file model_24.cif (mmCIF, C-alpha atoms)
data_work
#
loop_
_atom_site.label_atom_id
_atom_site.label_comp_id
_atom_site.auth_asym_id
_atom_site.auth_seq_id
_atom_site.Cartn_x
_atom_site.Cartn_y
_atom_site.Cartn_z
CA MET G 23 0.00 0.00 0.00
CA THR G 24 1.78 3.07 -1.29
CA VAL G 25 1.02 6.54 -2.56
CA PHE G 26 2.65 7.62 -5.82
CA THR G 27 3.49 11.12 -7.06
CA PRO G 28 1.57 12.44 -10.10
CA GLY G 29 3.22 11.36 -13.33
CA THR G 30 4.20 7.93 -12.02
CA ILE G 31 3.41 5.39 -14.75
CA ALA G 32 1.18 2.41 -13.92
CA VAL G 33 1.38 -0.56 -16.30
CA ILE G 34 -1.82 -2.57 -15.80
CA PHE G 35 -1.50 -6.16 -17.05
CA CYS G 36 -4.69 -8.27 -16.92
CA ALA G 37 -4.20 -11.86 -18.03
CA GLN G 38 -5.97 -15.17 -18.22
CA ARG G 39 -3.70 -18.16 -17.49
CA THR G 40 -3.87 -21.42 -19.34
CA ASP G 41 -3.60 -24.49 -17.10
CA GLU G 42 -0.24 -25.34 -18.66
CA ASP G 43 3.18 -25.39 -16.96
CA ASP G 44 2.35 -24.03 -13.50
CA SER G 45 5.86 -24.48 -12.14
CA GLY G 46 7.52 -22.82 -15.14
CA TYR G 47 5.13 -19.92 -14.83
CA ALA G 48 5.69 -19.50 -11.10
CA GLN G 49 9.46 -19.56 -11.57
CA ALA G 50 9.32 -16.98 -14.39
CA ALA G 51 6.95 -14.71 -12.47
CA GLN G 52 9.32 -14.69 -9.51
CA ALA G 53 12.34 -14.07 -11.76
CA MET G 54 10.59 -11.17 -13.52
CA GLU G 55 9.59 -9.57 -10.23
CA THR G 56 13.21 -9.71 -9.07
CA LEU G 57 14.52 -8.39 -12.39
CA ALA G 58 11.95 -5.56 -12.57
CA ALA G 59 12.94 -4.40 -9.10
CA GLN G 60 16.54 -3.99 -10.30
CA GLN G 61 15.59 -1.60 -13.16
CA ASP G 62 16.10 2.16 -13.03
CA GLY G 63 12.89 3.95 -12.23
CA TYR G 64 11.12 0.91 -10.73
CA ARG G 65 8.63 2.07 -8.10
CA GLY G 66 6.80 -1.10 -7.09
CA MET G 67 4.37 -3.82 -8.08
CA ASP G 68 0.93 -5.07 -7.04
CA HIS G 69 -0.18 -8.55 -8.03
CA SER G 70 -3.25 -10.68 -7.53
CA ARG G 71 -4.43 -13.93 -9.07
CA SER G 72 -7.82 -15.57 -8.64
CA GLU G 73 -8.41 -19.30 -8.43
CA ASP G 74 -10.03 -19.22 -11.89
CA GLY G 75 -6.66 -18.18 -13.37
CA SER G 76 -7.46 -14.52 -14.06
CA GLY G 77 -4.80 -12.22 -12.71
CA ILE G 78 -3.80 -8.58 -12.54
CA THR G 79 -0.26 -7.24 -12.17
CA VAL G 80 0.31 -3.50 -11.89
CA SER G 81 3.91 -2.30 -12.08
CA TYR G 82 4.82 1.29 -11.28
CA TRP G 83 7.56 3.34 -12.94
CA ALA G 84 9.08 6.78 -12.36
CA ASN G 85 8.27 7.87 -15.91
CA ASP G 86 7.38 6.59 -19.36
CA ALA G 87 11.03 6.13 -20.36
CA ALA G 88 11.52 3.70 -17.47
CA ALA G 89 8.35 1.78 -18.39
CA LYS G 90 9.49 1.51 -22.00
CA ALA G 91 12.99 0.41 -21.00
CA TRP G 92 11.41 -2.43 -18.99
CA ARG G 93 9.21 -3.36 -21.96
CA ASP G 94 12.36 -3.50 -24.14
CA ASN G 95 14.51 -5.39 -21.61
CA SER G 96 15.74 -8.48 -23.49
CA ASP G 97 15.12 -10.97 -20.65
CA HIS G 98 11.64 -9.57 -20.22
CA ALA G 99 10.97 -9.83 -23.97
CA ALA G 100 12.10 -13.48 -23.99
CA ILE G 101 9.78 -14.31 -21.09
CA ARG G 102 6.92 -12.52 -22.87
CA GLU G 103 7.31 -14.96 -25.77
CA SER G 104 7.02 -17.89 -23.36
CA GLY G 105 3.94 -16.25 -21.89
CA ARG G 106 2.25 -16.16 -25.27
CA ALA G 107 3.36 -19.67 -26.16
CA LYS G 108 2.45 -21.40 -22.89
CA TRP G 109 1.09 -19.47 -19.94
CA TYR G 110 -1.56 -17.05 -21.19
CA SER G 111 -4.67 -17.52 -23.28
CA SER G 112 -5.32 -13.77 -23.45
CA TYR G 113 -4.25 -10.51 -21.88
CA SER G 114 -4.69 -6.77 -22.01
CA LEU G 115 -2.12 -4.16 -21.06
CA HIS G 116 -2.78 -0.49 -20.30
CA VAL G 117 -0.08 2.13 -19.73
CA ALA G 118 -1.46 4.98 -17.62
CA SER G 119 -0.14 8.12 -15.94
CA ILE G 120 -1.13 8.50 -12.27
CA GLU G 121 -2.95 11.73 -11.47
CA ARG G 122 -4.04 11.14 -7.86
CA SER G 123 -3.05 8.54 -5.31
CA TYR G 124 -4.33 7.68 -1.83
CA ASP G 125 -3.92 5.01 0.76
CA TRP G 126 -5.62 3.93 3.95
CA GLU G 127 -4.73 1.61 6.77
CA LYS G 128 -6.88 0.48 9.68
CA MET S 17 -9.68 -8.15 -22.44
CA THR S 18 -10.31 -4.75 -23.96
CA VAL S 19 -8.39 -1.89 -25.50
CA PHE S 20 -9.18 1.61 -24.26
CA THR S 21 -8.79 4.96 -26.03
CA PRO S 22 -6.20 7.40 -24.67
CA GLY S 23 -7.66 9.54 -21.90
CA THR S 24 -9.76 6.71 -20.47
CA ILE S 25 -9.40 6.85 -16.67
CA ALA S 26 -8.27 3.73 -14.80
CA VAL S 27 -9.02 3.63 -11.07
CA ILE S 28 -6.65 1.07 -9.54
CA PHE S 29 -7.85 -0.20 -6.15
CA CYS S 30 -5.47 -2.55 -4.31
CA ALA S 31 -6.85 -3.87 -1.03
CA GLN S 32 -6.14 -6.34 1.73
CA ARG S 33 -9.27 -8.06 3.04
CA THR S 34 -9.82 -8.85 6.69
CA ASP S 35 -11.27 -12.32 7.34
CA GLU S 36 -14.50 -10.72 8.57
CA ASP S 37 -17.96 -10.99 7.00
CA ASP S 38 -17.24 -12.86 3.76
CA SER S 39 -20.87 -13.10 2.72
CA GLY S 40 -21.58 -9.41 3.35
CA TYR S 41 -18.49 -8.50 1.37
CA ALA S 42 -19.39 -10.76 -1.57
CA GLN S 43 -22.90 -9.34 -1.68
CA ALA S 44 -21.65 -5.74 -1.59
CA ALA S 45 -18.98 -6.39 -4.24
CA GLN S 46 -21.61 -7.80 -6.58
CA ALA S 47 -23.99 -4.90 -5.88
CA MET S 48 -21.24 -2.33 -6.53
CA GLU S 49 -20.24 -3.99 -9.79
CA THR S 50 -23.87 -3.84 -10.96
CA LEU S 51 -24.29 -0.23 -9.81
CA ALA S 52 -21.01 0.92 -11.39
CA ALA S 53 -22.05 -0.57 -14.72
CA GLN S 54 -25.17 1.63 -14.67
CA GLN S 55 -23.21 4.90 -14.32
CA ASP S 56 -22.61 7.31 -17.18
CA GLY S 57 -19.14 6.93 -18.59
CA TYR S 58 -18.55 3.42 -17.20
CA ARG S 59 -16.19 1.52 -19.50
CA GLY S 60 -15.53 -1.74 -17.67
CA MET S 61 -13.88 -3.46 -14.71
CA ASP S 62 -11.13 -6.00 -14.07
CA HIS S 63 -10.97 -7.81 -10.76
CA SER S 64 -8.76 -10.40 -9.15
CA ARG S 65 -8.41 -11.70 -5.61
CA SER S 66 -5.73 -14.02 -4.29
CA GLU S 67 -6.31 -16.69 -1.68
CA ASP S 68 -4.30 -14.62 0.84
CA GLY S 69 -7.00 -11.90 0.68
CA SER S 70 -5.07 -9.35 -1.40
CA GLY S 71 -7.09 -8.10 -4.32
CA ILE S 72 -6.98 -5.64 -7.19
CA THR S 73 -9.99 -4.02 -8.85
CA VAL S 74 -9.46 -1.70 -11.81
CA SER S 75 -12.49 0.24 -13.02
CA TYR S 76 -12.39 2.19 -16.27
CA TRP S 77 -14.18 5.48 -16.97
CA ALA S 78 -14.68 7.67 -20.04
CA ASN S 79 -13.13 10.68 -18.30
CA ASP S 80 -12.22 12.11 -14.91
CA ALA S 81 -15.69 13.61 -14.38
CA ALA S 82 -17.23 10.14 -14.67
CA ALA S 83 -14.67 8.66 -12.25
CA LYS S 84 -15.37 11.44 -9.72
CA ALA S 85 -19.14 11.04 -10.09
CA TRP S 86 -18.74 7.35 -9.21
CA ARG S 87 -16.54 8.27 -6.22
CA ASP S 88 -19.28 10.65 -5.05
CA ASN S 89 -22.20 8.29 -5.69
CA SER S 90 -24.03 8.06 -2.33
CA ASP S 91 -24.55 4.27 -2.41
CA HIS S 92 -20.88 3.82 -3.26
CA ALA S 93 -19.85 6.15 -0.42
CA ALA S 94 -21.98 4.20 2.07
CA ILE S 95 -20.42 0.90 0.99
CA ARG S 96 -16.96 2.47 1.29
CA GLU S 97 -17.66 3.14 4.97
CA SER S 98 -18.57 -0.53 5.47
CA GLY S 99 -15.35 -1.46 3.69
CA ARG S 100 -13.28 0.54 6.15
CA ALA S 101 -15.26 -0.72 9.14
CA LYS S 102 -15.32 -4.41 8.29
CA TRP S 103 -13.86 -5.73 5.06
CA TYR S 104 -10.48 -4.08 4.51
CA SER S 105 -7.40 -3.79 6.68
CA SER S 106 -5.65 -1.50 4.18
CA TYR S 107 -5.91 -0.27 0.63
CA SER S 108 -4.37 2.05 -1.92
CA LEU S 109 -6.16 3.78 -4.78
CA HIS S 110 -4.54 5.34 -7.84
CA VAL S 111 -6.40 7.36 -10.47
CA ALA S 112 -4.53 7.23 -13.78
CA SER S 113 -5.08 8.37 -17.36
CA ILE S 114 -4.51 5.68 -19.99
CA GLU S 115 -1.94 6.62 -22.64
CA ARG S 116 -1.55 3.33 -24.53
CA SER S 117 -3.59 0.13 -24.54
CA TYR S 118 -3.08 -3.28 -26.13
CA ASP S 119 -4.60 -6.70 -26.01
CA TRP S 120 -3.72 -10.16 -27.19
CA GLU S 121 -5.62 -13.41 -27.57
CA LYS S 122 -4.31 -16.85 -28.48
#
call {"tool": "encode", "arguments": {"input": "model_24.cif", "output": "structure tokens"}}
result
Amino acid sequence: MTVFTPGTIAVIFCAQRTDEDDSGYAQAAQAMETLAAQQDGYRGMDHSRSEDGSGITVSYWANDAAAKAWRDNSDHAAIRESGRAKWYSSYSLHVASIERSYDWEK
Amino acid sequence: MTVFTPGTIAVIFCAQRTDEDDSGYAQAAQAMETLAAQQDGYRGMDHSRSEDGSGITVSYWANDAAAKAWRDNSDHAAIRESGRAKWYSSYSLHVASIERSYDWEK
């Protein structure tokens, strides 16, 4: 739970998993989270996956250049190909600029 | 899986559920999804919840005025109070303007 400054880029990735290769997927997801966190301009990640296999990952970036650099990262691009080949049946991806941000804790 | 036009507003709601009142929460979540879909400028919703109780809901709106009207909807505001009192231990909310949007299907 974090508040972001205006202009932070949110990359919203909504995907439907196949039921193929659970262990390969889990390993890749963990590797990508670790790799993303090492990139310049990385600001954080939120992730959730339902039992029906639909999931949302939101990654946050200092600016659009940082988000694009992550998109173009060669390890990330290679994993994306595996995602299309094996792990996902469909996905959507939205790149959005944060205008307002709040958080709350009990 | 949908592509949105630039300027569509994404409201990213990341929340941690308590283990209180599952049935009341499920009922309210369904009611809010139905009510949101009836609002002017509603463009869609993505939702995912992990077994550990962390969840992400992204709602999409034609413009900022529509997103704010939904925030200020009195039924929505009342449910938000119940959320703070019972269902959530913490949450963050980011309002972001979509710049690019893609989708993919196998």
call {"tool": "resolve_selection", "arguments": {"input": "model_24.cif", "expression": "the PyMOL selection byres ((chain G) within 7 of (chain S))", "output": "list in words"}}
result
Met23, Thr24, Ser70, Arg71, Ser72, Ser76, Gly77, Ile78, Ser111, Ser112, Tyr113, Ser114, Leu115, His116, Val117, Ala118, Ser119, Ile120, Glu121, Arg122, Ser123, Tyr124, Asp125, Trp126, Glu127 and Lys128 of chain G
call {"tool": "resolve_selection", "arguments": {"input": "model_24.cif", "expression": "the PyMOL selection byres ((chain G and resi 46-61) around 8)", "output": "list in words"}}
result
Asp43, Asp44, Ser45, Asp62, Gly63, Tyr64, Arg65, Gly66, Ala88, Trp92, His98, Ile101 and Trp109 of chain G
call {"tool": "calpha_fit_and_write", "arguments": {"input": "model_24.cif", "fixed": "chain S", "moving": "chain G", "output": "short mmCIF file (atom, residue, chain, number, x, y, z; two decimals) with C-alpha atoms, in the frame of the given file"}}
result
data_model
loop_
_atom_site.label_atom_id
_atom_site.label_comp_id
_atom_site.auth_asym_id
_atom_site.auth_seq_id
_atom_site.Cartn_x
_atom_site.Cartn_y
_atom_site.Cartn_z
CA MET G 23 -9.68 -8.15 -22.41
CA THR G 24 -10.29 -4.77 -23.97
CA VAL G 25 -8.39 -1.89 -25.50
CA PHE G 26 -9.19 1.61 -24.27
CA THR G 27 -8.79 4.95 -26.05
CA PRO G 28 -6.19 7.40 -24.68
CA GLY G 29 -7.65 9.53 -21.91
CA THR G 30 -9.76 6.72 -20.47
CA ILE G 31 -9.41 6.86 -16.67
CA ALA G 32 -8.28 3.73 -14.80
CA VAL G 33 -9.04 3.63 -11.07
CA ILE G 34 -6.66 1.07 -9.55
CA PHE G 35 -7.86 -0.20 -6.15
CA CYS G 36 -5.48 -2.56 -4.31
CA ALA G 37 -6.86 -3.87 -1.03
CA GLN G 38 -6.13 -6.34 1.71
CA ARG G 39 -9.26 -8.07 3.07
CA THR G 40 -9.82 -8.84 6.70
CA ASP G 41 -11.27 -12.31 7.34
CA GLU G 42 -14.50 -10.73 8.58
CA ASP G 43 -17.97 -10.98 7.01
CA ASP G 44 -17.23 -12.86 3.78
CA SER G 45 -20.87 -13.08 2.72
CA GLY G 46 -21.56 -9.39 3.35
CA TYR G 47 -18.48 -8.50 1.37
CA ALA G 48 -19.37 -10.75 -1.55
CA GLN G 49 -22.90 -9.34 -1.68
CA ALA G 50 -21.64 -5.73 -1.59
CA ALA G 51 -18.98 -6.38 -4.23
CA GLN G 52 -21.60 -7.80 -6.57
CA ALA G 53 -23.98 -4.90 -5.88
CA MET G 54 -21.24 -2.33 -6.53
CA GLU G 55 -20.25 -3.98 -9.80
CA THR G 56 -23.87 -3.84 -10.96
CA LEU G 57 -24.29 -0.24 -9.82
CA ALA G 58 -21.00 0.92 -11.40
CA ALA G 59 -22.05 -0.56 -14.73
CA GLN G 60 -25.18 1.62 -14.67
CA GLN G 61 -23.20 4.90 -14.32
CA ASP G 62 -22.59 7.32 -17.18
CA GLY G 63 -19.13 6.93 -18.59
CA TYR G 64 -18.55 3.42 -17.20
CA ARG G 65 -16.19 1.52 -19.50
CA GLY G 66 -15.52 -1.74 -17.67
CA MET G 67 -13.89 -3.45 -14.72
CA ASP G 68 -11.14 -6.00 -14.08
CA HIS G 69 -10.99 -7.80 -10.76
CA SER G 70 -8.77 -10.41 -9.17
CA ARG G 71 -8.41 -11.69 -5.62
CA SER G 72 -5.74 -14.03 -4.30
CA GLU G 73 -6.31 -16.70 -1.68
CA ASP G 74 -4.30 -14.63 0.84
CA GLY G 75 -7.00 -11.92 0.66
CA SER G 76 -5.07 -9.36 -1.40
CA GLY G 77 -7.09 -8.10 -4.32
CA ILE G 78 -6.98 -5.64 -7.19
CA THR G 79 -9.99 -4.02 -8.87
CA VAL G 80 -9.46 -1.70 -11.82
CA SER G 81 -12.49 0.25 -13.03
CA TYR G 82 -12.40 2.20 -16.27
CA TRP G 83 -14.17 5.49 -16.97
CA ALA G 84 -14.67 7.68 -20.04
CA ASN G 85 -13.13 10.68 -18.30
CA ASP G 86 -12.21 12.10 -14.91
CA ALA G 87 -15.67 13.60 -14.37
CA ALA G 88 -17.23 10.14 -14.66
CA ALA G 89 -14.67 8.66 -12.24
CA LYS G 90 -15.36 11.42 -9.73
CA ALA G 91 -19.13 11.04 -10.08
CA TRP G 92 -18.73 7.35 -9.20
CA ARG G 93 -16.54 8.25 -6.22
CA ASP G 94 -19.28 10.66 -5.04
CA ASN G 95 -22.20 8.28 -5.68
CA SER G 96 -24.03 8.05 -2.34
CA ASP G 97 -24.55 4.26 -2.40
CA HIS G 98 -20.90 3.81 -3.25
CA ALA G 99 -19.85 6.15 -0.42
CA ALA G 100 -21.99 4.20 2.07
CA ILE G 101 -20.42 0.91 1.00
CA ARG G 102 -16.95 2.47 1.29
CA GLU G 103 -17.66 3.14 4.98
CA SER G 104 -18.57 -0.52 5.48
CA GLY G 105 -15.36 -1.46 3.70
CA ARG G 106 -13.29 0.53 6.16
CA ALA G 107 -15.26 -0.71 9.15
CA LYS G 108 -15.33 -4.42 8.28
CA TRP G 109 -13.86 -5.73 5.06
CA TYR G 110 -10.48 -4.08 4.51
CA SER G 111 -7.40 -3.79 6.68
CA SER G 112 -5.66 -1.50 4.19
CA TYR G 113 -5.91 -0.27 0.63
CA SER G 114 -4.38 2.05 -1.91
CA LEU G 115 -6.17 3.76 -4.78
CA HIS G 116 -4.56 5.33 -7.85
CA VAL G 117 -6.42 7.36 -10.47
CA ALA G 118 -4.54 7.23 -13.78
CA SER G 119 -5.09 8.39 -17.36
CA ILE G 120 -4.51 5.69 -20.01
CA GLU G 121 -1.94 6.61 -22.64
CA ARG G 122 -1.55 3.32 -24.54
CA SER G 123 -3.59 0.14 -24.54
CA TYR G 124 -3.08 -3.28 -26.12
CA ASP G 125 -4.59 -6.70 -26.02
CA TRP G 126 -3.71 -10.18 -27.20
CA GLU G 127 -5.61 -13.40 -27.57
CA LYS G 128 -4.28 -16.84 -28.46
#
call {"tool": "atom_distance", "arguments": {"input": "model_24.cif", "atom1": "CA of Gly105 (chain G)", "atom2": "CA of Glu42 (chain G)"}}
result
10.5 Å
call {"tool": "atom_distance", "arguments": {"input": "model_24.cif", "atom1": "CA of Met61 (chain S)", "atom2": "CA of Ala83 (chain S)"}}
result
12.4 Å
call {"tool": "decode", "arguments": {"input": "model_24.cif", "residues": "region 53-68 of chain S", "atoms": "N, CA, C and O atoms", "output": "mmCIF file, in the first residue's frame"}}
result
data_model
loop_
_atom_site.group_PDB
_atom_site.id
_atom_site.type_symbol
_atom_site.label_atom_id
_atom_site.label_comp_id
_atom_site.auth_asym_id
_atom_site.auth_seq_id
_atom_site.Cartn_x
_atom_site.Cartn_y
_atom_site.Cartn_z
ATOM 1 N N ALA S 53 -21.770 -0.348 -13.296
ATOM 2 C CA ALA S 53 -22.047 -0.565 -14.723
ATOM 3 C C ALA S 53 -23.218 0.280 -15.219
ATOM 4 O O ALA S 53 -23.377 0.469 -16.424
ATOM 5 N N GLN S 54 -24.023 0.793 -14.281
ATOM 6 C CA GLN S 54 -25.169 1.635 -14.674
ATOM 7 C C GLN S 54 -24.802 3.108 -14.767
ATOM 8 O O GLN S 54 -25.632 3.939 -15.171
ATOM 9 N N GLN S 55 -23.581 3.479 -14.351
ATOM 10 C CA GLN S 55 -23.212 4.896 -14.320
ATOM 11 C C GLN S 55 -22.808 5.394 -15.701
ATOM 12 O O GLN S 55 -22.234 4.651 -16.500
ATOM 13 N N ASP S 56 -23.087 6.678 -15.951
ATOM 14 C CA ASP S 56 -22.609 7.312 -17.181
ATOM 15 C C ASP S 56 -21.088 7.234 -17.234
ATOM 16 O O ASP S 56 -20.408 7.496 -16.243
ATOM 17 N N GLY S 57 -20.582 6.907 -18.393
ATOM 18 C CA GLY S 57 -19.135 6.928 -18.588
ATOM 19 C C GLY S 57 -18.421 5.679 -18.108
ATOM 20 O O GLY S 57 -17.196 5.592 -18.198
ATOM 21 N N TYR S 58 -19.164 4.694 -17.605
ATOM 22 C CA TYR S 58 -18.547 3.422 -17.196
ATOM 23 C C TYR S 58 -18.012 2.696 -18.427
ATOM 24 O O TYR S 58 -18.694 2.594 -19.441
ATOM 25 N N ARG S 59 -16.795 2.189 -18.348
ATOM 26 C CA ARG S 59 -16.191 1.515 -19.500
ATOM 27 C C ARG S 59 -15.789 0.063 -19.229
ATOM 28 O O ARG S 59 -15.388 -0.649 -20.144
ATOM 29 N N GLY S 60 -15.854 -0.342 -17.953
ATOM 30 C CA GLY S 60 -15.526 -1.736 -17.670
ATOM 31 C C GLY S 60 -14.809 -1.903 -16.344
ATOM 32 O O GLY S 60 -14.536 -0.923 -15.634
ATOM 33 N N MET S 61 -14.515 -3.155 -15.992
ATOM 34 C CA MET S 61 -13.884 -3.455 -14.714
ATOM 35 C C MET S 61 -13.062 -4.742 -14.833
ATOM 36 O O MET S 61 -13.493 -5.679 -15.519
ATOM 37 N N ASP S 62 -11.910 -4.777 -14.224
ATOM 38 C CA ASP S 62 -11.130 -6.004 -14.068
ATOM 39 C C ASP S 62 -10.952 -6.245 -12.586
ATOM 40 O O ASP S 62 -10.704 -5.313 -11.819
ATOM 41 N N HIS S 63 -11.055 -7.512 -12.182
ATOM 42 C CA HIS S 63 -10.972 -7.806 -10.756
ATOM 43 C C HIS S 63 -10.256 -9.130 -10.540
ATOM 44 O O HIS S 63 -10.465 -10.084 -11.288
ATOM 45 N N SER S 64 -9.443 -9.162 -9.511
ATOM 46 C CA SER S 64 -8.761 -10.398 -9.153
ATOM 47 C C SER S 64 -8.526 -10.412 -7.648
ATOM 48 O O SER S 64 -8.243 -9.370 -7.047
ATOM 49 N N ARG S 65 -8.690 -11.593 -7.046
ATOM 50 C CA ARG S 65 -8.415 -11.696 -5.609
ATOM 51 C C ARG S 65 -7.672 -12.981 -5.315
ATOM 52 O O ARG S 65 -8.097 -14.060 -5.722
ATOM 53 N N SER S 66 -6.544 -12.854 -4.625
ATOM 54 C CA SER S 66 -5.731 -14.019 -4.285
ATOM 55 C C SER S 66 -6.271 -14.698 -3.028
ATOM 56 O O SER S 66 -7.014 -14.093 -2.254
ATOM 57 N N GLU S 67 -5.863 -15.939 -2.853
ATOM 58 C CA GLU S 67 -6.306 -16.692 -1.678
ATOM 59 C C GLU S 67 -5.877 -16.051 -0.366
ATOM 60 O O GLU S 67 -6.519 -16.235 0.662
ATOM 61 N N ASP S 68 -4.781 -15.283 -0.388
ATOM 62 C CA ASP S 68 -4.305 -14.623 0.836
ATOM 63 C C ASP S 68 -5.119 -13.365 1.185
ATOM 64 O O ASP S 68 -4.810 -12.686 2.158
#
